[in-house]
file run.csv (CSV, C-alpha atoms)
chain,number,residue,atom,x,y,z
A,1010,MET,CA,89.5,-1.8,63.2
A,1011,LYS,CA,87.0,-4.0,65.1
A,1012,LYS,CA,83.6,-4.5,63.7
A,1013,GLY,CA,81.0,-2.1,65.3
A,1014,THR,CA,83.6,0.6,66.2
A,1015,LEU,CA,84.4,3.9,64.5
A,1016,ASN,CA,87.7,5.1,63.2
A,1017,PRO,CA,88.5,8.2,65.4
A,1018,ASN,CA,90.2,9.7,62.4
A,1019,ILE,CA,87.1,9.7,60.3
A,1020,LYS,CA,84.4,12.3,60.9
A,1021,LEU,CA,81.2,10.7,62.2
A,1022,LYS,CA,78.5,10.3,59.6
A,1023,LEU,CA,75.1,10.8,61.0
A,1024,SER,CA,73.3,11.6,57.8
A,1025,LEU,CA,69.8,10.1,57.2
A,1026,PRO,CA,69.5,7.0,55.0
A,1027,PRO,CA,67.3,7.2,52.0
A,1028,PRO,CA,63.7,8.4,52.7
A,1029,ASP,CA,61.4,5.8,54.4
A,1030,GLU,CA,64.4,3.5,55.2
A,1031,VAL,CA,65.7,2.8,58.7
A,1032,TYR,CA,68.9,1.0,59.6
A,1033,PHE,CA,69.3,-0.6,63.0
A,1034,ALA,CA,71.4,-3.4,64.5
A,1035,LYS,CA,70.6,-6.8,66.1
A,1036,PHE,CA,66.9,-6.7,65.7
A,1037,LEU,CA,66.1,-9.8,63.7
A,1038,THR,CA,63.1,-11.7,65.1
A,1039,GLN,CA,62.4,-15.3,64.2
A,1040,SER,CA,59.8,-17.4,65.9
A,1041,GLY,CA,59.4,-14.8,68.6
A,1042,THR,CA,63.1,-14.6,69.5
A,1043,PHE,CA,65.8,-12.1,68.8
A,1044,MET,CA,68.9,-13.0,66.8
A,1045,ASP,CA,72.0,-11.1,65.7
A,1046,GLY,CA,71.8,-9.3,62.4
A,1047,ASP,CA,71.5,-5.9,60.8
A,1048,LEU,CA,68.2,-5.0,59.2
A,1049,LEU,CA,67.0,-2.5,56.6
A,1050,VAL,CA,63.4,-1.4,57.4
A,1051,ASN,CA,61.2,0.2,54.8
A,1052,ARG,CA,57.6,0.3,53.7
A,1053,ASP,CA,58.1,-3.1,51.9
A,1054,GLY,CA,59.1,-4.8,55.1
A,1055,VAL,CA,62.5,-5.9,56.5
A,1056,ARG,CA,65.5,-7.6,55.1
A,1057,VAL,CA,69.0,-8.5,56.4
A,1058,VAL,CA,71.8,-6.3,55.1
A,1059,SER,CA,75.6,-6.8,55.3
A,1060,GLN,CA,77.9,-4.7,57.3
A,1061,SER,CA,79.2,-3.0,54.1
A,1062,GLU,CA,75.7,-1.8,53.3
A,1063,SER,CA,75.0,-0.2,56.7
A,1064,GLU,CA,77.8,1.5,58.7
A,1065,ALA,CA,76.0,1.9,62.0
A,1066,LEU,CA,77.2,4.0,64.9
A,1067,ASN,CA,77.9,1.7,67.9
A,1068,LEU,CA,76.4,2.5,71.2
A,1069,ALA,CA,79.8,1.8,72.7
A,1070,ASP,CA,81.0,5.0,71.0
A,1071,ILE,CA,78.8,7.3,73.1
A,1072,ASP,CA,79.0,8.3,76.7
A,1073,THR,CA,75.9,8.9,78.9
A,1074,ILE,CA,75.9,12.3,80.6
A,1075,LYS,CA,72.6,12.2,82.5
A,1076,VAL,CA,68.9,11.3,82.3
A,1077,ILE,CA,66.9,14.3,80.9
A,1078,GLY,CA,63.4,12.8,80.6
A,1079,LYS,CA,61.3,9.9,81.7
A,1080,GLY,CA,58.0,8.6,80.4
A,1081,SER,CA,55.8,5.5,80.3
A,1082,SER,CA,57.6,4.1,77.3
A,1083,GLY,CA,61.2,4.6,78.6
A,1084,ILE,CA,63.8,7.2,79.4
A,1085,VAL,CA,65.7,9.9,77.5
A,1086,GLN,CA,69.4,10.5,78.2
A,1087,LEU,CA,71.8,13.2,77.2
A,1088,VAL,CA,74.7,11.5,75.5
A,1089,GLN,CA,78.0,12.6,73.9
A,1090,HIS,CA,79.9,11.0,71.0
A,1091,LYS,CA,83.4,10.1,72.2
A,1092,TRP,CA,85.2,11.1,69.0
A,1093,THR,CA,83.4,14.3,67.9
A,1094,GLY,CA,82.2,15.6,71.2
A,1095,GLN,CA,78.7,16.2,69.7
A,1096,PHE,CA,75.7,15.9,72.0
A,1097,PHE,CA,72.6,13.8,71.2
A,1098,ALA,CA,69.5,12.7,73.0
A,1099,LEU,CA,69.2,8.9,73.4
A,1100,LYS,CA,65.7,7.6,73.8
A,1101,VAL,CA,65.6,4.1,75.3
A,1102,ILE,CA,62.4,2.0,74.9
A,1103,GLN,CA,62.2,-1.4,76.7
A,1104,MET,CA,61.3,-3.9,74.0
A,1105,THR,CA,58.8,-6.8,74.2
A,1106,ILE,CA,58.6,-9.7,71.8
A,1107,GLU,CA,54.9,-9.5,71.0
A,1108,GLU,CA,54.3,-9.1,67.3
A,1109,ASN,CA,52.1,-6.0,67.7
A,1110,ALA,CA,54.8,-4.3,69.8
A,1111,ARG,CA,57.5,-5.1,67.2
A,1112,LYS,CA,55.4,-3.6,64.5
A,1113,ALA,CA,54.6,-0.5,66.5
A,1114,ILE,CA,58.3,0.1,67.1
A,1115,ALA,CA,59.2,-0.5,63.5
A,1116,LYS,CA,56.6,2.0,62.4
A,1117,GLU,CA,57.9,4.6,64.9
A,1118,LEU,CA,61.4,4.2,63.5
A,1119,ILE,CA,60.2,4.5,59.9
A,1120,ILE,CA,58.3,7.7,60.7
A,1121,ASN,CA,61.0,9.3,62.8
A,1122,GLN,CA,63.9,8.6,60.4
A,1123,SER,CA,62.0,9.6,57.3
A,1124,ALA,CA,60.9,13.0,58.7
A,1125,GLN,CA,63.2,15.9,57.6
A,1126,CYS,CA,61.8,19.2,58.6
A,1127,PRO,CA,63.4,22.1,60.5
A,1128,ASN,CA,60.5,22.0,63.0
A,1129,VAL,CA,60.5,18.3,63.6
A,1130,VAL,CA,63.2,16.8,65.9
A,1131,MET,CA,65.7,14.9,63.8
A,1132,CYS,CA,66.1,11.1,64.3
A,1133,TYR,CA,69.6,9.9,63.3
A,1134,GLN,CA,69.9,6.2,64.0
A,1135,SER,CA,68.3,3.3,65.9
A,1136,PHE,CA,69.6,0.2,67.6
A,1137,TYR,CA,68.4,-2.9,69.3
A,1138,ASP,CA,70.6,-3.5,72.3
A,1139,ASN,CA,70.3,-5.6,75.4
A,1140,GLY,CA,66.6,-5.9,75.3
A,1141,ALA,CA,65.8,-2.3,74.4
A,1142,ILE,CA,65.4,-0.1,71.4
A,1143,SER,CA,67.8,2.9,71.5
A,1144,ILE,CA,67.1,5.9,69.2
A,1145,ILE,CA,69.6,8.6,68.7
A,1146,LEU,CA,67.8,12.0,68.4
A,1147,GLU,CA,68.7,15.6,67.9
A,1148,TYR,CA,69.4,17.2,71.3
A,1149,MET,CA,67.2,20.1,72.2
A,1150,ASP,CA,69.1,21.8,75.0
A,1151,GLY,CA,66.1,24.0,76.3
A,1152,GLY,CA,64.0,21.0,77.3
A,1153,SER,CA,60.2,21.2,76.5
A,1154,LEU,CA,57.7,23.9,76.5
A,1155,SER,CA,56.2,22.1,79.5
A,1156,ASP,CA,59.4,22.8,81.4
A,1157,LEU,CA,59.4,26.4,80.2
A,1158,LEU,CA,55.8,27.0,81.3
A,1159,LYS,CA,56.7,25.8,84.9
A,1160,LYS,CA,59.2,28.6,85.0
A,1161,VAL,CA,57.4,31.5,83.4
A,1162,LYS,CA,53.8,30.5,84.4
A,1163,THR,CA,52.3,32.2,81.4
A,1164,ILE,CA,53.7,33.1,77.9
A,1165,PRO,CA,52.9,36.5,76.5
A,1166,GLU,CA,51.1,36.8,73.1
A,1167,PRO,CA,54.1,37.9,71.0
A,1168,TYR,CA,56.1,34.9,72.1
A,1169,LEU,CA,53.1,32.6,71.7
A,1170,ALA,CA,52.7,33.8,68.1
A,1171,ALA,CA,56.4,33.1,67.3
A,1172,ILE,CA,56.2,29.7,69.0
A,1173,CYS,CA,52.9,28.8,67.3
A,1174,LYS,CA,54.3,29.7,63.8
A,1175,GLN,CA,57.0,27.1,64.2
A,1176,VAL,CA,54.7,24.4,65.6
A,1177,LEU,CA,52.3,25.0,62.7
A,1178,LYS,CA,55.2,24.7,60.2
A,1179,GLY,CA,55.9,21.3,61.7
A,1180,LEU,CA,52.3,20.2,61.6
A,1181,LEU,CA,52.0,21.5,58.0
A,1182,TYR,CA,54.9,19.2,57.1
A,1183,LEU,CA,53.5,16.2,58.9
A,1184,HIS,CA,49.9,16.6,57.7
A,1185,HIS,CA,50.4,17.7,54.1
A,1186,GLU,CA,53.8,16.3,53.1
A,1187,LYS,CA,54.0,13.1,55.2
A,1188,HIS,CA,50.3,12.5,55.7
A,1189,ILE,CA,50.9,11.8,59.4
A,1190,ILE,CA,48.7,12.5,62.4
A,1191,HIS,CA,50.7,13.1,65.5
A,1192,ARG,CA,48.0,12.0,67.9
A,1193,ASP,CA,49.8,13.1,71.0
A,1194,LEU,CA,50.5,16.9,70.6
A,1195,LYS,CA,51.1,18.4,74.1
A,1196,PRO,CA,53.6,20.8,75.8
A,1197,SER,CA,56.0,18.0,76.7
A,1198,ASN,CA,56.3,17.0,73.0
A,1199,LEU,CA,57.3,20.5,71.9
A,1200,LEU,CA,61.0,20.9,72.4
A,1201,ILE,CA,63.1,24.1,72.4
A,1202,ASN,CA,66.8,25.1,72.1
A,1203,HIS,CA,69.0,28.0,72.8
A,1204,ARG,CA,68.7,29.1,69.1
A,1205,GLY,CA,65.0,29.9,69.7
A,1206,GLU,CA,63.9,26.9,67.7
A,1207,VAL,CA,60.7,24.9,68.5
A,1208,LYS,CA,60.4,21.4,67.2
A,1209,ILE,CA,57.8,18.6,67.4
A,1210,THR,CA,58.9,15.3,68.8
A,1211,ASP,CA,57.7,11.9,69.9
A,1212,PHE,CA,56.1,10.0,67.1
A,1213,GLY,CA,55.6,6.8,69.2
A,1214,VAL,CA,51.9,7.0,68.6
A,1215,SER,CA,51.9,8.5,65.1
A,1216,ALA,CA,51.0,6.7,61.9
A,1217,ILE,CA,50.6,7.3,58.2
A,1218,LEU,CA,47.0,8.0,57.4
A,1219,ALA,CA,45.3,4.7,56.6
A,1220,SER,CA,43.1,5.9,53.7
A,1221,THR,CA,43.0,8.4,50.9
A,1222,SER,CA,40.3,10.3,52.8
A,1223,GLY,CA,42.8,11.1,55.5
A,1224,GLN,CA,40.8,9.5,58.3
A,1225,ALA,CA,41.8,7.0,61.1
A,1226,ASN,CA,39.9,5.2,63.8
A,1227,THR,CA,42.6,4.1,66.2
A,1228,PHE,CA,42.4,5.2,69.8
A,1229,VAL,CA,45.8,6.2,71.2
A,1230,GLY,CA,47.4,9.3,72.7
A,1231,THR,CA,47.1,11.5,75.7
A,1232,TYR,CA,43.5,12.0,77.0
A,1233,ASN,CA,43.9,15.6,78.2
A,1234,TYR,CA,44.5,17.0,74.7
A,1235,MET,CA,42.4,14.5,72.8
A,1236,SER,CA,39.8,15.9,70.4
A,1237,PRO,CA,36.0,15.2,71.0
A,1238,GLU,CA,35.7,13.0,68.0
A,1239,ARG,CA,38.5,10.8,69.1
A,1240,ILE,CA,37.1,10.5,72.7
A,1241,SER,CA,33.7,9.6,71.2
A,1242,GLY,CA,35.3,6.9,69.1
A,1243,ARG,CA,34.5,8.5,65.8
A,1244,GLN,CA,36.8,8.7,62.8
A,1245,TYR,CA,39.3,11.5,62.9
A,1246,GLY,CA,41.9,13.1,60.8
A,1247,SER,CA,44.7,15.6,61.0
A,1248,LYS,CA,42.4,18.3,62.5
A,1249,SER,CA,42.4,16.3,65.7
A,1250,ASP,CA,46.0,17.7,66.1
A,1251,ILE,CA,44.6,21.2,65.5
A,1252,TRP,CA,42.3,20.7,68.5
A,1253,SER,CA,45.3,19.7,70.6
A,1254,LEU,CA,47.2,22.8,69.4
A,1255,GLY,CA,44.3,25.1,70.5
A,1256,LEU,CA,44.3,23.6,74.0
A,1257,VAL,CA,48.1,23.9,74.2
A,1258,LEU,CA,48.0,27.6,73.3
A,1259,LEU,CA,45.3,28.3,75.8
A,1260,GLU,CA,47.3,26.5,78.5
A,1261,PHE,CA,50.4,28.6,77.6
A,1262,ALA,CA,48.4,31.8,77.6
A,1263,THR,CA,46.6,31.3,80.9
A,1264,GLY,CA,49.0,29.0,82.8
A,1265,GLN,CA,46.4,26.3,83.4
A,1266,PHE,CA,44.9,23.5,81.4
A,1267,PRO,CA,41.6,24.7,79.8
A,1268,TYR,CA,39.5,21.8,81.1
A,1269,SER,CA,39.9,22.2,84.9
A,1270,PRO,CA,37.6,20.6,87.5
A,1271,LEU,CA,35.4,22.8,89.7
A,1272,GLU,CA,37.4,21.7,92.7
A,1273,GLN,CA,40.9,22.6,91.7
A,1274,ASP,CA,42.6,21.1,94.8
A,1275,VAL,CA,40.9,17.7,94.3
A,1276,GLY,CA,41.3,17.4,90.5
A,1277,TRP,CA,39.4,15.1,88.2
A,1278,ALA,CA,37.9,12.0,89.9
A,1279,SER,CA,38.8,9.9,86.8
A,1280,VAL,CA,40.0,10.2,83.3
A,1281,TYR,CA,36.4,9.4,82.2
A,1282,GLU,CA,35.2,12.5,84.0
A,1283,LEU,CA,37.7,14.6,82.0
A,1284,MET,CA,36.7,12.9,78.8
A,1285,GLU,CA,33.0,13.6,79.5
A,1286,ALA,CA,33.8,17.3,80.0
A,1287,VAL,CA,35.6,17.5,76.7
A,1288,VAL,CA,32.7,16.0,74.8
A,1289,ASP,CA,29.7,17.5,76.7
A,1290,GLN,CA,30.9,20.9,77.9
A,1291,PRO,CA,31.1,24.0,75.6
A,1292,GLN,CA,34.5,24.3,73.9
A,1293,PRO,CA,37.0,26.5,75.8
A,1294,CYS,CA,37.8,30.0,74.7
A,1295,ALA,CA,40.3,32.8,75.3
A,1296,SER,CA,39.0,35.7,77.4
A,1297,SER,CA,38.4,38.8,75.3
A,1298,ASP,CA,39.2,40.9,78.4
A,1299,GLN,CA,42.7,39.4,78.6
A,1300,PHE,CA,43.7,38.7,75.0
A,1301,SER,CA,43.7,40.3,71.6
A,1302,PRO,CA,40.8,39.6,69.2
A,1303,GLU,CA,43.3,37.9,66.9
A,1304,PHE,CA,44.4,35.4,69.5
A,1305,CYS,CA,40.8,34.7,70.6
A,1306,SER,CA,39.9,34.1,67.0
A,1307,PHE,CA,42.9,31.8,66.4
A,1308,VAL,CA,42.1,29.6,69.4
A,1309,SER,CA,38.4,29.5,68.4
A,1310,SER,CA,39.5,28.3,65.0
A,1311,CYS,CA,41.3,25.4,66.6
A,1312,VAL,CA,38.9,24.2,69.2
A,1313,GLN,CA,35.6,23.9,67.3
A,1314,LYS,CA,33.8,20.7,68.4
A,1315,ASP,CA,33.1,19.8,64.8
A,1316,PRO,CA,36.4,19.1,63.1
A,1317,ASN,CA,34.9,20.4,59.8
A,1318,ASP,CA,34.7,23.8,61.4
A,1319,ARG,CA,38.3,23.8,62.4
A,1320,LEU,CA,40.9,25.4,60.2
A,1321,SER,CA,43.8,23.3,58.8
A,1322,ALA,CA,47.4,23.9,59.5
A,1323,ASN,CA,47.7,25.5,56.1
A,1324,GLU,CA,44.8,27.8,56.7
A,1325,LEU,CA,46.0,28.7,60.2
A,1326,MET,CA,49.3,29.9,58.7
A,1327,THR,CA,47.5,32.8,57.1
A,1328,HIS,CA,45.5,33.7,60.2
A,1329,PRO,CA,46.1,37.4,61.3
A,1330,PHE,CA,47.4,36.2,64.7
A,1331,MET,CA,50.4,34.7,62.9
A,1332,ASN,CA,51.8,38.0,61.7
A,1333,MET,CA,50.4,40.6,64.1
A,1334,TYR,CA,53.6,40.8,66.1
A,1335,ASP,CA,56.1,40.5,63.3
A,1336,ASP,CA,57.1,44.2,63.7
A,1337,LEU,CA,58.4,43.5,67.2
A,1338,HIS,CA,61.1,41.1,65.9
A,1339,VAL,CA,60.4,38.7,68.8
A,1340,ASP,CA,63.6,37.0,70.0
A,1341,LEU,CA,62.7,33.5,71.2
A,1342,SER,CA,66.4,32.7,71.8
A,1343,ALA,CA,66.7,35.4,74.4
A,1344,TYR,CA,63.3,34.5,75.9
A,1345,PHE,CA,64.2,30.8,76.3
A,1346,LYS,CA,67.6,31.7,77.8
A,1347,ASN,CA,66.2,34.2,80.2
A,1348,ALA,CA,63.8,31.5,81.5
A,1349,GLY,CA,66.9,29.8,82.9
A,1350,SER,CA,66.7,26.3,81.5
A,1351,PRO,CA,69.2,24.1,83.4
A,1352,LEU,CA,69.9,22.2,80.3
A,1353,ALA,CA,71.0,25.3,78.3
A,1354,THR,CA,74.2,25.7,80.4
A,1355,LEU,CA,76.1,23.3,78.2
A,1356,ASN,CA,78.3,24.8,75.5
A,1357,LEU,CA,76.9,23.2,72.4

call {"tool": "encode", "arguments": {"input": "run.csv", "output": "structure tokens"}}
result
Amino acid sequence: MKKGTLNPNIKLKLSLPPPDEVYFAKFLTQSGTFMDGDLLVNRDGVRVVSQSESEALNLADIDTIKVIGKGSSGIVQLVQHKWTGQFFALKVIQMTIEENARKAIAKELIINQSAQCPNVVMCYQSFYDNGAISIILEYMDGGSLSDLLKKVKTIPEPYLAAICKQVLKGLLYLHHEKHIIHRDLKPSNLLINHRGEVKITDFGVSAILASTSGQANTFVGTYNYMSPERISGRQYGSKSDIWSLGLVLLEFATGQFPYSPLEQDVGWASVYELMEAVVDQPQPCASSDQFSPEFCSFVSSCVQKDPNDRLSANELMTHPFMNMYDDLHVDLSAYFKNAGSPLATLNL
């Protein structure tokens, strides 16, 4: 059997490597250039490993079906493994040779491949190939909650509670077990599938907390959902993700982003105008005329201007809104399917 190919008679192994370790091929840098070689990446750095130590899946063993997502950092493709027929999502990020970019990519791979939680999208393997980093991810056939919202316009409270419970479980894992701030929580980074599962994805801008106090002072992420303390350049912690969650829930409930300009047709004049509104305007709230007291209270607990006044993911799990619709036995699987996602037509 040729090096780099899989034996079709052997079932494909896509189990994760040991925690905090990432295997990927042909990504050895020396004096600013790429050279062939397999690397083991962990918190201690990188080292070259032999073929016997790392049995990587070759990109030649997967077929591209179609592009299912595009972003500033690259594209996401639906791919299928030739021998097993299993579907995956392949995220392709164009690589630069600057040292900071290499470190950022390595950190993303470490975080992705060490995360093992039912409500976090699974990362299987990563490769350097033809000038780009390719990451094989769990395929979520329902697309994102951003896609869903475009179809349903608004999401009723019972479904919001069921969705929120899964997102909170993912945040609980990231914040309290992995000590990670997501930094870019938004509807397009919450993926769904035909089983009714909701999972957090895209840790391209995530990082392990820098200090024991759980604070960070970097400035990355999407401005729309960014907390006031981050916009102001102050230190922030995991509760900056809770602010983002509150805005996301309000958007799902009302069908529009909570911070909307006075002239809807014109939009914000600049991102700075939006940022000023987040910092200076009163925090948004759910209308008590349209929503239950429990939902209004939950949102309020997320979008407090002072992060010390916000509840943590652990505290929010015990909020009354989380369990008020349990008796309805909400079926997210049927709800997602009825929304008619075009990706859910595949027989997975």

call {"tool": "closest_residue", "arguments": {"input": "run.csv", "among": "A:Lys1178, A:Lys1091, A:Lys1248, A:Lys1162", "to": "His1191 of chain A", "atoms": "only C-alpha atoms"}}
result
A:Lys1248

call {"tool": "atom_distance", "arguments": {"input": "run.csv", "atom1": "atom CA of Phe1304 of chain A", "atom2": "atom CA of Val1287 of chain A"}}
result
21.2 Å

call {"tool": "residues_around", "arguments": {"input": "run.csv", "residues": "Val1085 of chain A", "least_positions_apart": "5", "cutoff": "10 Å", "atoms": "all atoms listed in the file", "output": "list in words"}}
result
Lys1075, Val1076, Ile1077, Gly1078, Lys1079, Gly1080, Ala1098, Leu1099, Lys1100, Val1101, Ile1102, Ser1143, Ile1144, Ile1145 and Leu1146 of chain A

call {"tool": "residues_around", "arguments": {"input": "run.csv", "residues": "segment 1336-1338 of chain A", "least_positions_apart": "3", "cutoff": "9 Å", "atoms": "all atoms listed in the file", "output": "ChimeraX atom specification"}}
result
/A:1167,1332-1333

call {"tool": "residues_around", "arguments": {"input": "run.csv", "residues": "Leu1256 of chain A", "least_positions_apart": "5", "cutoff": "9 Å", "atoms": "only C-alpha atoms", "output": "PyMOL selection string"}}
result
chain A and resi 1195+1234+1251+1261+1266-1268+1293+1308+1311-1312

call {"tool": "residues_around", "arguments": {"input": "run.csv", "residues": "Leu1194 of chain A", "least_positions_apart": "4", "cutoff": "8 Å", "atoms": "all atoms listed in the file", "output": "JSON, numbers by chain"}}
result
{"A": [1198, 1199, 1234, 1250, 1253, 1254]}

call {"tool": "atom_distance", "arguments": {"input": "run.csv", "atom1": "atom CA of Arg1243 of chain A", "atom2": "atom CA of Ile1209 of chain A"}}
result
25.4 Å

call {"tool": "atom_distance", "arguments": {"input": "run.csv", "atom1": "atom CA of Val1280 of chain A", "atom2": "atom CA of Leu1154 of chain A"}}
result
23.4 Å

call {"tool": "closest_residue", "arguments": {"input": "run.csv", "among": "A:Cys1305, A:Val1257, A:Ala1343, A:Ala1069", "to": "Val1088 of chain A", "atoms": "only C-alpha atoms"}}
result
A:Ala1069

call {"tool": "residues_around", "arguments": {"input": "run.csv", "residues": "Gly1152 of chain A", "least_positions_apart": "2", "cutoff": "6 Å", "atoms": "all atoms listed in the file", "output": "JSON, numbers by chain"}}
result
{"A": [1150, 1200, 1201]}

call {"tool": "closest_residue", "arguments": {"input": "run.csv", "among": "A:Val1129, A:Leu1157, A:Val1176, A:Ile1240", "to": "Lys1346 of chain A", "atoms": "all atoms listed in the file"}}
result
A:Leu1157

call {"tool": "closest_residue", "arguments": {"input": "run.csv", "among": "A:Ser1153, A:Ser1123, A:Ser1309, A:Ser1269", "to": "Leu1183 of chain A", "atoms": "all atoms listed in the file"}}
result
A:Ser1123

call {"tool": "closest_residue", "arguments": {"input": "run.csv", "among": "A:Phe1097, A:Tyr1168, A:Val1130, A:Asp1070", "to": "Val1339 of chain A", "atoms": "all atoms listed in the file"}}
result
A:Tyr1168

call {"tool": "decode", "arguments": {"input": "run.csv", "residues": "segment 1164-1183 of chain A", "atoms": "N, CA and C atoms", "output": "tab-separated table (two decimals), in the first residue's frame"}}
result
chain	number	residue	atom	x	y	z
A	1164	ILE	N	-38.17	32.44	16.32
A	1164	ILE	CA	-38.22	31.13	16.95
A	1164	ILE	C	-39.03	31.22	18.23
A	1165	PRO	N	-40.11	30.43	18.37
A	1165	PRO	CA	-40.96	30.47	19.57
A	1165	PRO	C	-40.19	30.09	20.83
A	1166	GLU	N	-40.66	30.58	21.95
A	1166	GLU	CA	-39.99	30.37	23.23
A	1166	GLU	C	-39.67	28.91	23.57
A	1167	PRO	N	-40.63	27.98	23.41
A	1167	PRO	CA	-40.31	26.60	23.78
A	1167	PRO	C	-39.10	26.05	23.03
A	1168	TYR	N	-38.98	26.38	21.75
A	1168	TYR	CA	-37.82	25.94	20.97
A	1168	TYR	C	-36.57	26.70	21.37
A	1169	LEU	N	-36.74	27.99	21.70
A	1169	LEU	CA	-35.60	28.77	22.16
A	1169	LEU	C	-35.01	28.18	23.44
A	1170	ALA	N	-35.88	27.76	24.34
A	1170	ALA	CA	-35.40	27.17	25.60
A	1170	ALA	C	-34.61	25.89	25.34
A	1171	ALA	N	-35.12	25.05	24.44
A	1171	ALA	CA	-34.43	23.80	24.11
A	1171	ALA	C	-33.11	24.05	23.42
A	1172	ILE	N	-33.08	25.04	22.53
A	1172	ILE	CA	-31.84	25.41	21.84
A	1172	ILE	C	-30.83	25.98	22.83
A	1173	CYS	N	-31.31	26.89	23.67
A	1173	CYS	CA	-30.45	27.57	24.62
A	1173	CYS	C	-29.82	26.59	25.60
A	1174	LYS	N	-30.56	25.59	26.01
A	1174	LYS	CA	-30.05	24.61	26.96
A	1174	LYS	C	-28.83	23.89	26.37
A	1175	GLN	N	-28.88	23.56	25.08
A	1175	GLN	CA	-27.75	22.88	24.44
A	1175	GLN	C	-26.56	23.81	24.28
A	1176	VAL	N	-26.82	25.07	23.90
A	1176	VAL	CA	-25.73	26.04	23.76
A	1176	VAL	C	-25.06	26.27	25.10
A	1177	LEU	N	-25.85	26.37	26.16
A	1177	LEU	CA	-25.30	26.58	27.49
A	1177	LEU	C	-24.44	25.39	27.93
A	1178	LYS	N	-24.84	24.19	27.58
A	1178	LYS	CA	-24.03	23.02	27.91
A	1178	LYS	C	-22.67	23.10	27.22
A	1179	GLY	N	-22.68	23.57	25.96
A	1179	GLY	CA	-21.42	23.75	25.25
A	1179	GLY	C	-20.56	24.83	25.90
A	1180	LEU	N	-21.17	25.95	26.28
A	1180	LEU	CA	-20.43	27.03	26.94
A	1180	LEU	C	-19.93	26.59	28.31
A	1181	LEU	N	-20.74	25.82	29.00
A	1181	LEU	CA	-20.35	25.32	30.31
A	1181	LEU	C	-19.08	24.48	30.18
A	1182	TYR	N	-19.03	23.66	29.16
A	1182	TYR	CA	-17.84	22.83	28.91
A	1182	TYR	C	-16.63	23.71	28.57
A	1183	LEU	N	-16.83	24.65	27.65
A	1183	LEU	CA	-15.72	25.50	27.23
A	1183	LEU	C	-15.20	26.36	28.38
